[in-house]
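model05.cif follows (mmCIF, C-alpha atoms):
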data_model
#
loop_
_atom_site.label_atom_id
_atom_site.label_comp_id
_atom_site.auth_asym_id
_atom_site.auth_seq_id
_atom_site.Cartn_x
_atom_site.Cartn_y
_atom_site.Cartn_z
CA MET A 69 -56.39 -75.34 2.81
CA THR A 70 -59.40 -77.61 3.27
CA GLN A 71 -58.95 -80.95 1.54
CA THR A 72 -61.60 -82.97 -0.25
CA ASN A 73 -61.42 -86.46 -1.70
CA LEU A 74 -61.46 -85.11 -5.27
CA LEU A 75 -58.24 -86.85 -6.38
CA ASN A 76 -58.81 -90.11 -4.54
CA ASP A 77 -58.90 -93.10 -6.92
CA LYS A 78 -58.34 -90.75 -9.87
CA THR A 79 -55.73 -90.69 -12.63
CA ILE A 80 -53.75 -87.45 -12.94
CA LEU A 81 -51.36 -86.52 -15.75
CA VAL A 82 -48.77 -83.76 -15.38
CA THR A 83 -47.10 -82.40 -18.51
CA GLY A 84 -43.55 -81.27 -17.81
CA GLY A 85 -43.83 -83.47 -14.74
CA THR A 86 -40.09 -83.74 -14.06
CA GLY A 87 -39.77 -79.99 -13.44
CA SER A 88 -39.74 -78.23 -10.07
CA PHE A 89 -43.50 -77.82 -10.05
CA GLY A 90 -44.11 -81.43 -11.10
CA HIS A 91 -41.95 -82.77 -8.27
CA GLN A 92 -43.69 -80.66 -5.62
CA PHE A 93 -47.20 -81.21 -7.03
CA ILE A 94 -46.86 -84.99 -7.17
CA LYS A 95 -45.40 -85.12 -3.66
CA TYR A 96 -48.36 -83.09 -2.44
CA VAL A 97 -50.88 -85.38 -4.15
CA LEU A 98 -49.21 -88.51 -2.78
CA SER A 99 -49.23 -87.16 0.78
CA HIS A 100 -52.78 -85.74 0.77
CA TYR A 101 -54.73 -88.09 -1.51
CA SER A 102 -54.95 -91.71 -2.62
CA PRO A 103 -54.75 -91.42 -6.43
CA LYS A 104 -55.26 -94.38 -8.73
CA LYS A 105 -52.41 -93.37 -11.03
CA ILE A 106 -50.06 -90.43 -11.61
CA ILE A 107 -48.59 -89.99 -15.09
CA VAL A 108 -45.43 -87.95 -15.59
CA TYR A 109 -45.40 -86.76 -19.20
CA SER A 110 -42.13 -85.20 -20.34
CA ARG A 111 -39.47 -85.53 -23.01
CA ASP A 112 -36.28 -86.04 -20.96
CA GLU A 113 -35.67 -89.74 -20.28
CA TYR A 114 -32.77 -89.07 -17.89
CA LYS A 115 -34.85 -86.76 -15.68
CA GLN A 116 -37.57 -89.40 -15.62
CA PHE A 117 -35.04 -92.06 -14.64
CA VAL A 118 -33.68 -89.92 -11.81
CA MET A 119 -37.17 -89.00 -10.60
CA SER A 120 -38.40 -92.59 -10.65
CA ASN A 121 -35.60 -93.55 -8.24
CA GLU A 122 -36.31 -90.76 -5.76
CA GLU A 123 -38.69 -90.82 -2.80
CA PRO A 124 -41.63 -90.75 -2.56
CA TYR A 125 -42.00 -91.74 -6.22
CA LYS A 126 -40.01 -94.95 -5.84
CA SER A 127 -42.08 -96.23 -2.91
CA ASN A 128 -45.24 -95.42 -4.90
CA SER A 129 -44.01 -97.07 -8.11
CA ARG A 130 -47.21 -99.12 -8.37
CA ILE A 131 -49.17 -95.95 -9.23
CA MET A 132 -46.42 -93.90 -10.91
CA ARG A 133 -46.19 -93.96 -14.70
CA PHE A 134 -43.48 -92.25 -16.76
CA PHE A 135 -44.40 -91.36 -20.35
CA ILE A 136 -41.73 -90.09 -22.72
CA GLY A 137 -43.46 -87.56 -24.91
CA ASP A 138 -43.59 -83.97 -26.14
CA VAL A 139 -46.62 -81.69 -25.99
CA ARG A 140 -45.91 -81.00 -29.65
CA ASP A 141 -46.94 -84.60 -30.37
CA LYS A 142 -50.75 -84.77 -30.31
CA GLU A 143 -50.94 -88.50 -31.00
CA ARG A 144 -48.67 -89.28 -28.06
CA LEU A 145 -50.73 -86.98 -25.82
CA GLU A 146 -53.91 -88.78 -26.84
CA ARG A 147 -52.37 -92.13 -25.95
CA ALA A 148 -51.09 -90.80 -22.62
CA MET A 149 -54.48 -89.29 -21.70
CA GLU A 150 -56.43 -92.51 -22.15
CA GLY A 151 -58.38 -93.00 -18.92
CA VAL A 152 -57.06 -89.76 -17.37
CA ASP A 153 -59.36 -87.76 -15.08
CA TYR A 154 -57.29 -84.60 -14.48
CA VAL A 155 -54.49 -82.89 -16.38
CA VAL A 156 -52.10 -80.25 -15.04
CA HIS A 157 -50.28 -78.57 -17.92
CA ALA A 158 -46.90 -77.34 -16.70
CA ALA A 159 -44.76 -78.01 -19.79
CA ALA A 160 -43.39 -74.87 -21.47
CA LEU A 161 -40.30 -73.13 -22.76
CA LYS A 162 -39.90 -70.54 -20.00
CA GLN A 163 -36.55 -68.79 -20.29
CA VAL A 164 -37.06 -65.32 -21.75
CA PRO A 165 -33.72 -65.11 -23.66
CA ALA A 166 -34.14 -68.63 -25.08
CA CYS A 167 -37.59 -67.76 -26.39
CA GLU A 168 -36.31 -64.53 -27.93
CA TYR A 169 -33.56 -66.38 -29.81
CA ASN A 170 -35.76 -69.36 -30.70
CA PRO A 171 -39.20 -67.87 -31.35
CA ALA A 172 -40.46 -70.67 -33.59
CA GLU A 173 -39.58 -73.26 -30.95
CA ALA A 174 -41.35 -71.25 -28.24
CA ILE A 175 -44.48 -71.06 -30.40
CA ARG A 176 -44.40 -74.79 -31.16
CA THR A 177 -44.20 -75.71 -27.48
CA ASN A 178 -46.16 -72.96 -25.73
CA VAL A 179 -48.90 -72.35 -28.34
CA HIS A 180 -49.16 -75.45 -30.51
CA GLY A 181 -48.48 -77.60 -27.46
CA ALA A 182 -51.37 -75.92 -25.62
CA MET A 183 -53.67 -76.65 -28.56
CA ASN A 184 -52.60 -80.29 -28.54
CA VAL A 185 -53.26 -80.63 -24.81
CA ILE A 186 -56.73 -79.13 -25.29
CA ASP A 187 -57.61 -81.37 -28.24
CA ALA A 188 -56.32 -84.53 -26.56
CA ALA A 189 -58.18 -83.73 -23.33
CA LEU A 190 -61.44 -83.20 -25.22
CA ASP A 191 -61.00 -86.32 -27.33
CA ARG A 192 -60.18 -88.50 -24.29
CA GLY A 193 -62.89 -87.15 -22.00
CA VAL A 194 -60.63 -85.63 -19.32
CA LYS A 195 -62.70 -84.05 -16.52
CA LYS A 196 -60.57 -81.01 -15.72
CA VAL A 197 -57.48 -79.34 -17.15
CA VAL A 198 -55.54 -76.71 -15.21
CA ALA A 199 -52.82 -74.86 -17.13
CA LEU A 200 -50.01 -72.90 -15.47
CA SER A 201 -49.68 -69.28 -16.53
CA THR A 202 -47.27 -66.48 -15.61
CA ASP A 203 -47.30 -62.77 -14.81
CA LYS A 204 -45.38 -62.32 -18.07
CA ALA A 205 -48.58 -63.19 -19.97
CA VAL A 206 -50.12 -59.94 -18.64
CA ASN A 207 -49.36 -57.01 -20.98
CA PRO A 208 -46.45 -59.03 -22.44
CA VAL A 209 -43.22 -57.30 -23.43
CA ASN A 210 -41.33 -60.42 -24.57
CA LEU A 211 -42.05 -63.44 -26.75
CA TYR A 212 -42.36 -65.82 -23.82
CA GLY A 213 -45.09 -63.65 -22.33
CA GLY A 214 -46.75 -63.38 -25.73
CA THR A 215 -46.88 -67.14 -26.20
CA LYS A 216 -48.27 -67.62 -22.69
CA LEU A 217 -50.94 -64.97 -23.32
CA VAL A 218 -52.05 -66.93 -26.39
CA SER A 219 -51.91 -70.16 -24.40
CA ASP A 220 -54.12 -68.65 -21.67
CA LYS A 221 -56.66 -67.48 -24.24
CA LEU A 222 -56.71 -70.93 -25.85
CA PHE A 223 -57.39 -72.71 -22.56
CA ILE A 224 -60.17 -70.29 -21.61
CA ALA A 225 -61.82 -70.53 -25.05
CA ALA A 226 -61.50 -74.33 -24.94
CA ASN A 227 -64.57 -74.31 -22.70
CA ALA A 228 -66.58 -73.32 -25.77
CA TYR A 229 -65.36 -76.39 -27.64
CA ALA A 230 -66.28 -78.71 -24.77
CA GLY A 231 -69.95 -78.46 -25.74
CA ASN A 232 -71.87 -81.22 -23.97
CA LYS A 233 -68.64 -82.93 -22.89
CA ASP A 234 -67.93 -82.83 -19.17
CA THR A 235 -64.49 -81.24 -19.64
CA SER A 236 -63.47 -77.89 -18.16
CA PHE A 237 -60.34 -75.78 -18.60
CA SER A 238 -58.96 -73.23 -16.12
CA ILE A 239 -55.73 -71.34 -15.44
CA VAL A 240 -53.47 -70.70 -12.46
CA ARG A 241 -51.23 -67.63 -12.67
CA TYR A 242 -48.22 -66.70 -10.56
CA GLY A 243 -44.80 -65.13 -11.08
CA ASN A 244 -41.31 -66.40 -10.34
CA VAL A 245 -41.28 -68.92 -7.50
CA ALA A 246 -38.86 -68.14 -4.69
CA GLY A 247 -35.67 -70.09 -5.39
CA SER A 248 -36.63 -71.18 -8.91
CA ARG A 249 -33.91 -71.75 -11.49
CA GLY A 250 -32.72 -68.54 -13.13
CA SER A 251 -34.42 -66.28 -10.57
CA VAL A 252 -32.87 -63.62 -8.38
CA ILE A 253 -32.40 -65.59 -5.12
CA PRO A 254 -30.09 -68.30 -6.52
CA PHE A 255 -28.33 -65.60 -8.58
CA PHE A 256 -27.56 -63.48 -5.52
CA ARG A 257 -26.60 -66.57 -3.51
CA SER A 258 -24.12 -67.65 -6.18
CA LEU A 259 -22.44 -64.24 -6.12
CA ILE A 260 -22.24 -64.27 -2.32
CA ALA A 261 -20.75 -67.78 -2.40
CA LYS A 262 -17.99 -66.43 -4.64
CA GLY A 263 -17.17 -63.75 -2.09
CA GLU A 264 -18.82 -60.81 -3.81
CA THR A 265 -19.68 -57.90 -1.52
CA THR A 266 -21.54 -55.84 -4.12
CA LEU A 267 -24.82 -57.12 -5.59
CA PRO A 268 -26.18 -55.87 -8.94
CA ILE A 269 -29.79 -54.64 -9.08
CA THR A 270 -31.27 -53.72 -12.41
CA ASP A 271 -33.46 -50.96 -10.93
CA TYR A 272 -33.82 -49.89 -7.30
CA ARG A 273 -37.58 -49.46 -7.81
CA MET A 274 -38.02 -53.10 -8.88
CA THR A 275 -40.56 -55.19 -6.96
CA ARG A 276 -41.69 -58.80 -7.11
CA PHE A 277 -44.36 -60.98 -5.51
CA TRP A 278 -43.21 -63.64 -3.03
CA ILE A 279 -44.68 -67.08 -3.63
CA SER A 280 -43.30 -70.43 -2.55
CA LEU A 281 -43.49 -73.56 -4.68
CA GLU A 282 -45.86 -75.11 -2.13
CA GLN A 283 -48.19 -72.11 -2.41
CA GLY A 284 -48.19 -72.51 -6.18
CA VAL A 285 -49.09 -76.18 -5.83
CA GLU A 286 -51.90 -75.41 -3.37
CA LEU A 287 -53.37 -72.91 -5.82
CA VAL A 288 -53.44 -75.58 -8.52
CA ILE A 289 -55.14 -77.99 -6.12
CA LYS A 290 -57.71 -75.28 -5.34
CA ALA A 291 -58.37 -74.82 -9.06
CA LEU A 292 -58.80 -78.57 -9.56
CA GLU A 293 -61.29 -78.68 -6.70
CA GLU A 294 -63.28 -75.51 -7.38
CA ALA A 295 -63.03 -74.55 -11.05
CA HIS A 296 -66.08 -74.75 -13.31
CA GLY A 297 -64.22 -73.62 -16.43
CA GLY A 298 -62.66 -70.40 -17.73
CA GLU A 299 -61.38 -69.04 -14.42
CA THR A 300 -57.91 -67.63 -13.82
CA PHE A 301 -56.84 -68.26 -10.20
CA ILE A 302 -54.30 -65.87 -8.62
CA SER A 303 -52.90 -66.01 -5.08
CA ARG A 304 -52.99 -63.02 -2.73
CA ILE A 305 -49.35 -62.80 -1.67
CA PRO A 306 -46.93 -60.15 -0.36
CA SER A 307 -44.54 -58.00 -2.37
CA PHE A 308 -40.91 -57.11 -1.75
CA TYR A 309 -38.27 -54.77 -3.14
CA VAL A 310 -35.38 -56.53 -4.83
CA LYS A 311 -32.99 -54.15 -3.04
CA ASP A 312 -34.45 -55.37 0.29
CA LEU A 313 -33.84 -58.96 -0.81
CA ALA A 314 -30.17 -58.09 -1.38
CA GLU A 315 -29.95 -56.62 2.14
CA ALA A 316 -31.66 -59.68 3.62
CA LEU A 317 -29.20 -62.04 1.92
CA LEU A 318 -26.06 -59.98 2.60
CA PRO A 319 -26.55 -57.45 5.42
CA GLY A 320 -24.75 -54.18 4.82
CA CYS A 321 -23.87 -55.07 1.25
CA LYS A 322 -23.21 -52.51 -1.42
CA THR A 323 -25.45 -52.49 -4.49
CA ILE A 324 -25.05 -51.21 -8.01
CA GLU A 325 -27.86 -50.27 -10.38
CA THR A 326 -27.24 -51.91 -13.76
CA GLY A 327 -30.36 -51.02 -15.77
CA ILE A 328 -33.39 -53.05 -16.76
CA ARG A 329 -32.65 -55.96 -19.09
CA PRO A 330 -34.50 -56.55 -22.37
CA GLY A 331 -37.94 -58.03 -21.71
CA GLU A 332 -37.80 -57.26 -17.97
CA LYS A 333 -40.52 -55.38 -16.07
CA LEU A 334 -40.29 -53.13 -13.02
CA HIS A 335 -43.25 -54.87 -11.39
CA GLU A 336 -45.15 -58.14 -11.72
CA VAL A 337 -48.78 -57.60 -12.71
CA MET A 338 -51.39 -60.32 -12.22
CA VAL A 339 -54.66 -58.43 -12.75
CA THR A 340 -55.03 -55.44 -15.09
CA ALA A 341 -57.57 -52.63 -14.87
CA GLU A 342 -59.27 -54.17 -17.89
CA ASP A 343 -59.68 -57.44 -15.94
CA ALA A 344 -61.18 -55.67 -12.91
CA PRO A 345 -64.87 -55.85 -13.97
CA ASN A 346 -64.55 -59.65 -14.14
CA THR A 347 -62.43 -60.15 -11.01
CA LEU A 348 -63.65 -61.33 -7.60
CA GLU A 349 -61.61 -61.13 -4.40
CA PHE A 350 -61.50 -63.96 -1.86
CA GLU A 351 -59.66 -64.38 1.44
CA LYS A 352 -56.53 -65.90 -0.09
CA ASN A 353 -56.90 -65.40 -3.83
CA TYR A 354 -58.45 -63.57 -6.75
CA ILE A 355 -60.37 -65.14 -9.62
CA ILE A 356 -60.66 -63.54 -13.05
CA TYR A 357 -63.73 -64.83 -14.86
CA PRO A 358 -63.99 -64.88 -18.65
CA GLN A 359 -65.90 -62.06 -20.34
CA ILE A 360 -67.75 -64.59 -22.46
CA VAL A 361 -69.84 -67.35 -20.87
CA PHE A 362 -69.14 -70.46 -22.95
CA ASN A 363 -71.49 -72.95 -21.31
CA THR A 364 -74.01 -73.39 -18.48
CA ARG A 365 -71.39 -74.89 -16.13
CA GLN A 366 -69.57 -71.58 -15.83
CA VAL A 367 -70.69 -69.77 -12.68
CA ARG A 368 -69.19 -67.10 -10.43
CA ASP A 369 -68.57 -68.02 -6.82
CA PRO A 370 -71.09 -65.99 -4.75
CA ALA A 371 -68.60 -65.84 -1.87
CA GLY A 372 -66.37 -63.52 -3.90
CA LYS A 373 -66.30 -59.75 -3.52
CA PRO A 374 -66.06 -57.62 -6.68
CA VAL A 375 -62.89 -55.53 -6.82
CA GLU A 376 -63.18 -51.78 -7.26
CA ASP A 377 -63.23 -50.16 -10.69
CA GLY A 378 -59.74 -49.76 -12.12
CA PHE A 379 -58.26 -52.28 -9.69
CA VAL A 380 -54.77 -53.48 -10.63
CA TYR A 381 -53.00 -56.30 -8.79
CA SER A 382 -49.35 -55.36 -9.13
CA SER A 383 -46.33 -56.08 -6.98
CA GLY A 384 -45.65 -52.33 -7.08
CA THR A 385 -49.01 -51.27 -5.61
CA ASN A 386 -49.76 -54.28 -3.42
CA ARG A 387 -51.39 -53.88 0.00
CA GLU A 388 -49.01 -56.31 1.74
CA TRP A 389 -45.23 -55.89 1.85
CA LEU A 390 -42.34 -57.86 3.31
CA SER A 391 -39.74 -56.12 5.46
CA VAL A 392 -36.05 -57.02 5.28
CA GLU A 393 -36.44 -59.03 8.49
CA GLN A 394 -39.45 -60.93 7.13
CA ILE A 395 -37.59 -61.71 3.90
CA ARG A 396 -34.63 -62.99 5.92
CA GLU A 397 -36.92 -65.38 7.83
CA LEU A 398 -38.58 -66.63 4.64
CA LEU A 399 -35.19 -67.22 3.03
CA LYS A 400 -34.49 -69.88 5.65
CA THR A 401 -37.21 -72.03 4.05
CA VAL A 402 -36.20 -71.44 0.43
CA GLU A 403 -34.57 -74.33 -1.40
CA GLU A 404 -33.31 -73.80 -4.92
CA HIS A 405 -35.29 -75.74 -7.52
#

Re-express the file's structure as C-alpha cells.
Amino acid sequence: MTQTNLLNDKTILVTGGTGSFGHQFIKYVLSHYSPKKIIVYSRDEYKQFVMSNEEPYKSNSRIMRFFIGDVRDKERLERAMEGVDYVVHAAALKQVPACEYNPAEAIRTNVHGAMNVIDAALDRGVKKVVALSTDKAVNPVNLYGGTKLVSDKLFIAANAYAGNKDTSFSIVRYGNVAGSRGSVIPFFRSLIAKGETTLPITDYRMTRFWISLEQGVELVIKALEEAHGGETFISRIPSFYVKDLAEALLPGCKTIETGIRPGEKLHEVMVTAEDAPNTLEFEKNYIIYPQIVFNTRQVRDPAGKPVEDGFVYSSGTNREWLSVEQIRELLKTVEEH
C-alpha cells in the first residue's frame, strides 16, 4: 500500500498493545514511519516487561512508553492520552466461551471500555481513533458479538459528539486472523503434532475468510490515513473451506463431522444486505458508511463503486476462493500468535 508521512512525528496509543495485533502494528509503524512516541496501554505488567525487552521495541526504547492501565478506568485513559494524536483500540475480551460465562465482565470491557476510550479521546483532543471490530458483530449470535456490535455503534455515533472538535472515529472489521490463538490452524496443528490422523470439523459446509495479521495491520493504517469519521473498513480477501484447510495441513487425512458449537456460525459475514445501500467497493476493500451524517467532515470517497442491491459479503458466497494447494502455500507463512 502507498505510504504517507501521516504518523511521522506523531504520538500513537494502542490499547491492548501487548496482544498479537499490537506487536505487529507497532513493528509496522516503527519500520515505515518515524513516530514521536508509541504508547502501549494494557493491564498485564509481565507482558509489557517481556515486550519491552524484545526487538524492535528495545532498540526504540526512547520512543516506546508502557502504560499499565485498563480500558475500564477512564481516568487512567485520560492521563495516558495526554498529547496523543492517534489511538488504535484493540483491547477486548474476545473468547466466545469466556464472554458467555462472564457476561458482566465482557460488557465492562467491550462496551464500557469503548465508551471510556471515546470520552478520553474527545476530552484530550485526539485526532483519530480506529477501533477493531469482528465479523461476530454482524448479526451476532453470541454475547461477544453482541458487545462488539454495541461497541461499533458507539464508535460510529461518537462522531456526533465530536462537534467542532477535530476528532474522528472509524472502525476496521475482519474475522479470525490466520494462526491467531484459539483459531482452527493452531488447533489442527496441535492435533497433528500429537499424531492424530483424523481431524474434527464441526460442519463440512463451514467457510472462513483468510486474512493475515499483516493484512489486518495494513487495513488499520489505511483507516488512519483515509478515514473522515464513521466508516467501517473491510478487506477484500479470499475464502476457504475448513475441510480444505484440514487436507492442506494433513494430506489424505480422515475427517469427522462433530456439529456446530454454541455461538458458532457456518460462514463469516462482513457486510449484510441491510448495509449494502451504504457500502462502496474499492480495489482492495469495502467501506460501509454510516446511515446518519454526523458532521460536515464525513464524506464518501468518490473513487468507490456502489455495490448492487442486496449485496452480502460472506465467506460462503465470496467471489474469490483458495484451493487446497493455495492454502498449503499460505500455511508456510503462518506463524501462531

Excluding stretch 318-322 of chain A and residues on its chain fewer than 3 positions from it, collect all residues at most 10 Å away from it, counting all atoms listed in the file, and give them as a list of chain:residue names. A:Phe256, A:Arg257, A:Ile260, A:Glu264, A:Thr265, A:Thr266, A:Leu267, A:Pro268, A:Asp312, A:Leu313, A:Ala314, A:Glu315, A:Val392, A:Arg396

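For the pair atom CA of A:Gln116 and atom CA of A:Val82, the separation is 12.5 Å.
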
Residue by residue, what does the PyMOL selection byres ((chain A and resi 206-220) around 9) grab here? Present the result as a PDB file with C-alpha atoms, in the coordinates of the input.
ATOM      1  CA  ALA A 160     -43.390 -74.870 -21.470  1.00  0.00           C
ATOM      2  CA  LEU A 161     -40.300 -73.130 -22.760  1.00  0.00           C
ATOM      3  CA  LYS A 162     -39.900 -70.540 -20.000  1.00  0.00           C
ATOM      4  CA  GLN A 163     -36.550 -68.790 -20.290  1.00  0.00           C
ATOM      5  CA  VAL A 164     -37.060 -65.320 -21.750  1.00  0.00           C
ATOM      6  CA  PRO A 165     -33.720 -65.110 -23.660  1.00  0.00           C
ATOM      7  CA  ALA A 166     -34.140 -68.630 -25.080  1.00  0.00           C
ATOM      8  CA  CYS A 167     -37.590 -67.760 -26.390  1.00  0.00           C
ATOM      9  CA  GLU A 168     -36.310 -64.530 -27.930  1.00  0.00           C
ATOM     10  CA  PRO A 171     -39.200 -67.870 -31.350  1.00  0.00           C
ATOM     11  CA  ALA A 174     -41.350 -71.250 -28.240  1.00  0.00           C
ATOM     12  CA  ILE A 175     -44.480 -71.060 -30.400  1.00  0.00           C
ATOM     13  CA  ASN A 178     -46.160 -72.960 -25.730  1.00  0.00           C
ATOM     14  CA  VAL A 179     -48.900 -72.350 -28.340  1.00  0.00           C
ATOM     15  CA  HIS A 180     -49.160 -75.450 -30.510  1.00  0.00           C
ATOM     16  CA  GLY A 181     -48.480 -77.600 -27.460  1.00  0.00           C
ATOM     17  CA  ALA A 182     -51.370 -75.920 -25.620  1.00  0.00           C
ATOM     18  CA  MET A 183     -53.670 -76.650 -28.560  1.00  0.00           C
ATOM     19  CA  ALA A 199     -52.820 -74.860 -17.130  1.00  0.00           C
ATOM     20  CA  LEU A 200     -50.010 -72.900 -15.470  1.00  0.00           C
ATOM     21  CA  SER A 201     -49.680 -69.280 -16.530  1.00  0.00           C
ATOM     22  CA  THR A 202     -47.270 -66.480 -15.610  1.00  0.00           C
ATOM     23  CA  ASP A 203     -47.300 -62.770 -14.810  1.00  0.00           C
ATOM     24  CA  LYS A 204     -45.380 -62.320 -18.070  1.00  0.00           C
ATOM     25  CA  ALA A 205     -48.580 -63.190 -19.970  1.00  0.00           C
ATOM     26  CA  LYS A 221     -56.660 -67.480 -24.240  1.00  0.00           C
ATOM     27  CA  LEU A 222     -56.710 -70.930 -25.850  1.00  0.00           C
ATOM     28  CA  PHE A 223     -57.390 -72.710 -22.560  1.00  0.00           C
ATOM     29  CA  ILE A 224     -60.170 -70.290 -21.610  1.00  0.00           C
ATOM     30  CA  ALA A 225     -61.820 -70.530 -25.050  1.00  0.00           C
ATOM     31  CA  SER A 238     -58.960 -73.230 -16.120  1.00  0.00           C
ATOM     32  CA  ILE A 239     -55.730 -71.340 -15.440  1.00  0.00           C
ATOM     33  CA  THR A 300     -57.910 -67.630 -13.820  1.00  0.00           C
ATOM     34  CA  PRO A 330     -34.500 -56.550 -22.370  1.00  0.00           C
ATOM     35  CA  GLY A 331     -37.940 -58.030 -21.710  1.00  0.00           C
ATOM     36  CA  GLU A 332     -37.800 -57.260 -17.970  1.00  0.00           C
ATOM     37  CA  LYS A 333     -40.520 -55.380 -16.070  1.00  0.00           C
ATOM     38  CA  GLU A 336     -45.150 -58.140 -11.720  1.00  0.00           C
ATOM     39  CA  VAL A 337     -48.780 -57.600 -12.710  1.00  0.00           C
ATOM     40  CA  MET A 338     -51.390 -60.320 -12.220  1.00  0.00           C
ATOM     41  CA  VAL A 339     -54.660 -58.430 -12.750  1.00  0.00           C
ATOM     42  CA  THR A 340     -55.030 -55.440 -15.090  1.00  0.00           C
TER      43      THR A 340
END

Of the residues A:Pro345, A:Gly193, A:Gly243, A:Pro358, which is the one nearest to A:Gly378, using all atoms listed in the file? A:Pro345

Any chance you could work out the residue set of the PyMOL selection byres ((chain A and resi 344) around 8) here, as a PyMOL selection string? chain A and resi 339-343+345-347+356+375-380

Given the selection you just returned, output its residues as a file containing C-alpha atoms, formatted as a PDB file, in the coordinates of the input.
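Generated file (part_2.pdb):
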ATOM      1  CA  VAL A 339     -54.660 -58.430 -12.750  1.00  0.00           C
ATOM      2  CA  THR A 340     -55.030 -55.440 -15.090  1.00  0.00           C
ATOM      3  CA  ALA A 341     -57.570 -52.630 -14.870  1.00  0.00           C
ATOM      4  CA  GLU A 342     -59.270 -54.170 -17.890  1.00  0.00           C
ATOM      5  CA  ASP A 343     -59.680 -57.440 -15.940  1.00  0.00           C
ATOM      6  CA  PRO A 345     -64.870 -55.850 -13.970  1.00  0.00           C
ATOM      7  CA  ASN A 346     -64.550 -59.650 -14.140  1.00  0.00           C
ATOM      8  CA  THR A 347     -62.430 -60.150 -11.010  1.00  0.00           C
ATOM      9  CA  ILE A 356     -60.660 -63.540 -13.050  1.00  0.00           C
ATOM     10  CA  VAL A 375     -62.890 -55.530  -6.820  1.00  0.00           C
ATOM     11  CA  GLU A 376     -63.180 -51.780  -7.260  1.00  0.00           C
ATOM     12  CA  ASP A 377     -63.230 -50.160 -10.690  1.00  0.00           C
ATOM     13  CA  GLY A 378     -59.740 -49.760 -12.120  1.00  0.00           C
ATOM     14  CA  PHE A 379     -58.260 -52.280  -9.690  1.00  0.00           C
ATOM     15  CA  VAL A 380     -54.770 -53.480 -10.630  1.00  0.00           C
TER      16      VAL A 380
END

I'd like the interatomic distance between atom CA of A:Ser383 and atom CA of A:Val367, to a tenth of an Å. 28.5 Å

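Computed from the coordinates, the atom CA of A:Val194 to atom CA of A:Asp153 distance equals 4.9 Å.
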
Mind checking which residues fall within 9 Å of A:Gln92, counting all atoms listed in the file, ignoring those fewer than 3 positions away in the same chain, and posting them as a VMD selection string? chain A and resid 87 to 89 95 to 97 281 to 282 285

Kindly indicate which residue among A:Ile253, A:Trp389, A:Phe237, A:Glu397 lies nearest to A:Gln366, using only C-alpha atoms for the distances.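 Ranking A:Ile253, A:Trp389, A:Phe237, A:Glu397 by distance to A:Gln366, first place goes to A:Phe237.
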
Check which residues satisfy the PyMOL selection byres ((chain A and resi 184) around 10) in the file shown, then give them as an mmCIF file with C-alpha atoms, keeping the file's coordinate frame.
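Below is the file that was written, expr.cif:
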data_model
loop_
_atom_site.group_PDB
_atom_site.id
_atom_site.type_symbol
_atom_site.label_atom_id
_atom_site.label_comp_id
_atom_site.auth_asym_id
_atom_site.auth_seq_id
_atom_site.Cartn_x
_atom_site.Cartn_y
_atom_site.Cartn_z
ATOM 1 C CA VAL A 139 -46.620 -81.690 -25.990
ATOM 2 C CA ARG A 140 -45.910 -81.000 -29.650
ATOM 3 C CA ASP A 141 -46.940 -84.600 -30.370
ATOM 4 C CA LYS A 142 -50.750 -84.770 -30.310
ATOM 5 C CA GLU A 143 -50.940 -88.500 -31.000
ATOM 6 C CA ARG A 144 -48.670 -89.280 -28.060
ATOM 7 C CA LEU A 145 -50.730 -86.980 -25.820
ATOM 8 C CA GLU A 146 -53.910 -88.780 -26.840
ATOM 9 C CA THR A 177 -44.200 -75.710 -27.480
ATOM 10 C CA VAL A 179 -48.900 -72.350 -28.340
ATOM 11 C CA HIS A 180 -49.160 -75.450 -30.510
ATOM 12 C CA GLY A 181 -48.480 -77.600 -27.460
ATOM 13 C CA ALA A 182 -51.370 -75.920 -25.620
ATOM 14 C CA MET A 183 -53.670 -76.650 -28.560
ATOM 15 C CA VAL A 185 -53.260 -80.630 -24.810
ATOM 16 C CA ILE A 186 -56.730 -79.130 -25.290
ATOM 17 C CA ASP A 187 -57.610 -81.370 -28.240
ATOM 18 C CA ALA A 188 -56.320 -84.530 -26.560
ATOM 19 C CA ALA A 189 -58.180 -83.730 -23.330
ATOM 20 C CA LEU A 190 -61.440 -83.200 -25.220
#

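Comparing the minimum interatomic distances between A:Ile80 and each of A:Ala246, A:Ile289, A:Val240, A:Ala230, counting only C-alpha atoms, we find that A:Ile289 sits nearest.
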
Take the point (-56.8, -73.9, -7.1) in the file's coordinates, draw a sphere of radius 12 Å around it, and report as a PyMOL selection string every protein, DNA or RNA residue with an atom inside or on it, counting all atoms listed in the file. chain A and resi 69-71+156+196-200+238-242+283-297+299-303+352-355

Using all atoms listed in the file, what residues lie at most 12 Å away from (-54.6, -96.0, -22.8) (file coordinates), given as a ChimeraX atom specification? /A:79,107,133,135,143-152,192

Dump as a tab-separated table (two decimals), in the coordinates of the input, selection limited to C-alpha atoms:
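Generated file (result-v2.tsv):
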chain	number	residue	atom	x	y	z
A	79	THR	CA	-55.73	-90.69	-12.63
A	107	ILE	CA	-48.59	-89.99	-15.09
A	133	ARG	CA	-46.19	-93.96	-14.70
A	135	PHE	CA	-44.40	-91.36	-20.35
A	143	GLU	CA	-50.94	-88.50	-31.00
A	144	ARG	CA	-48.67	-89.28	-28.06
A	145	LEU	CA	-50.73	-86.98	-25.82
A	146	GLU	CA	-53.91	-88.78	-26.84
A	147	ARG	CA	-52.37	-92.13	-25.95
A	148	ALA	CA	-51.09	-90.80	-22.62
A	149	MET	CA	-54.48	-89.29	-21.70
A	150	GLU	CA	-56.43	-92.51	-22.15
A	151	GLY	CA	-58.38	-93.00	-18.92
A	152	VAL	CA	-57.06	-89.76	-17.37
A	192	ARG	CA	-60.18	-88.50	-24.29

Could you name the residues that touch A:Gly384 at 12 Å or less, counting only C-alpha atoms, but leaving out those on the same chain fewer than 3 positions away, as an MDAnalysis selection string? chainID A and resid 273:277 306:310 333:338 380:381 387:389

Pick from A:Ile328, A:Val361, A:Ala316, A:Met132 nearest to A:Glu393, counting only C-alpha atoms: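 Selected residue with least distance to A:Glu393: A:Ala316.
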
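Take the candidates A:His100, A:Lys126, A:Leu390, A:Ala172 and check each one against A:Thr72 using only C-alpha atoms; the shortest distance goes to A:His100.
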
For a quick check of understanding, using only C-alpha atoms, which of A:His91, A:Lys262, A:Lys311, A:Lys373 has the smallest distance to A:Ala158?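 With only C-alpha atoms as the atom set, the closest residue is A:His91.
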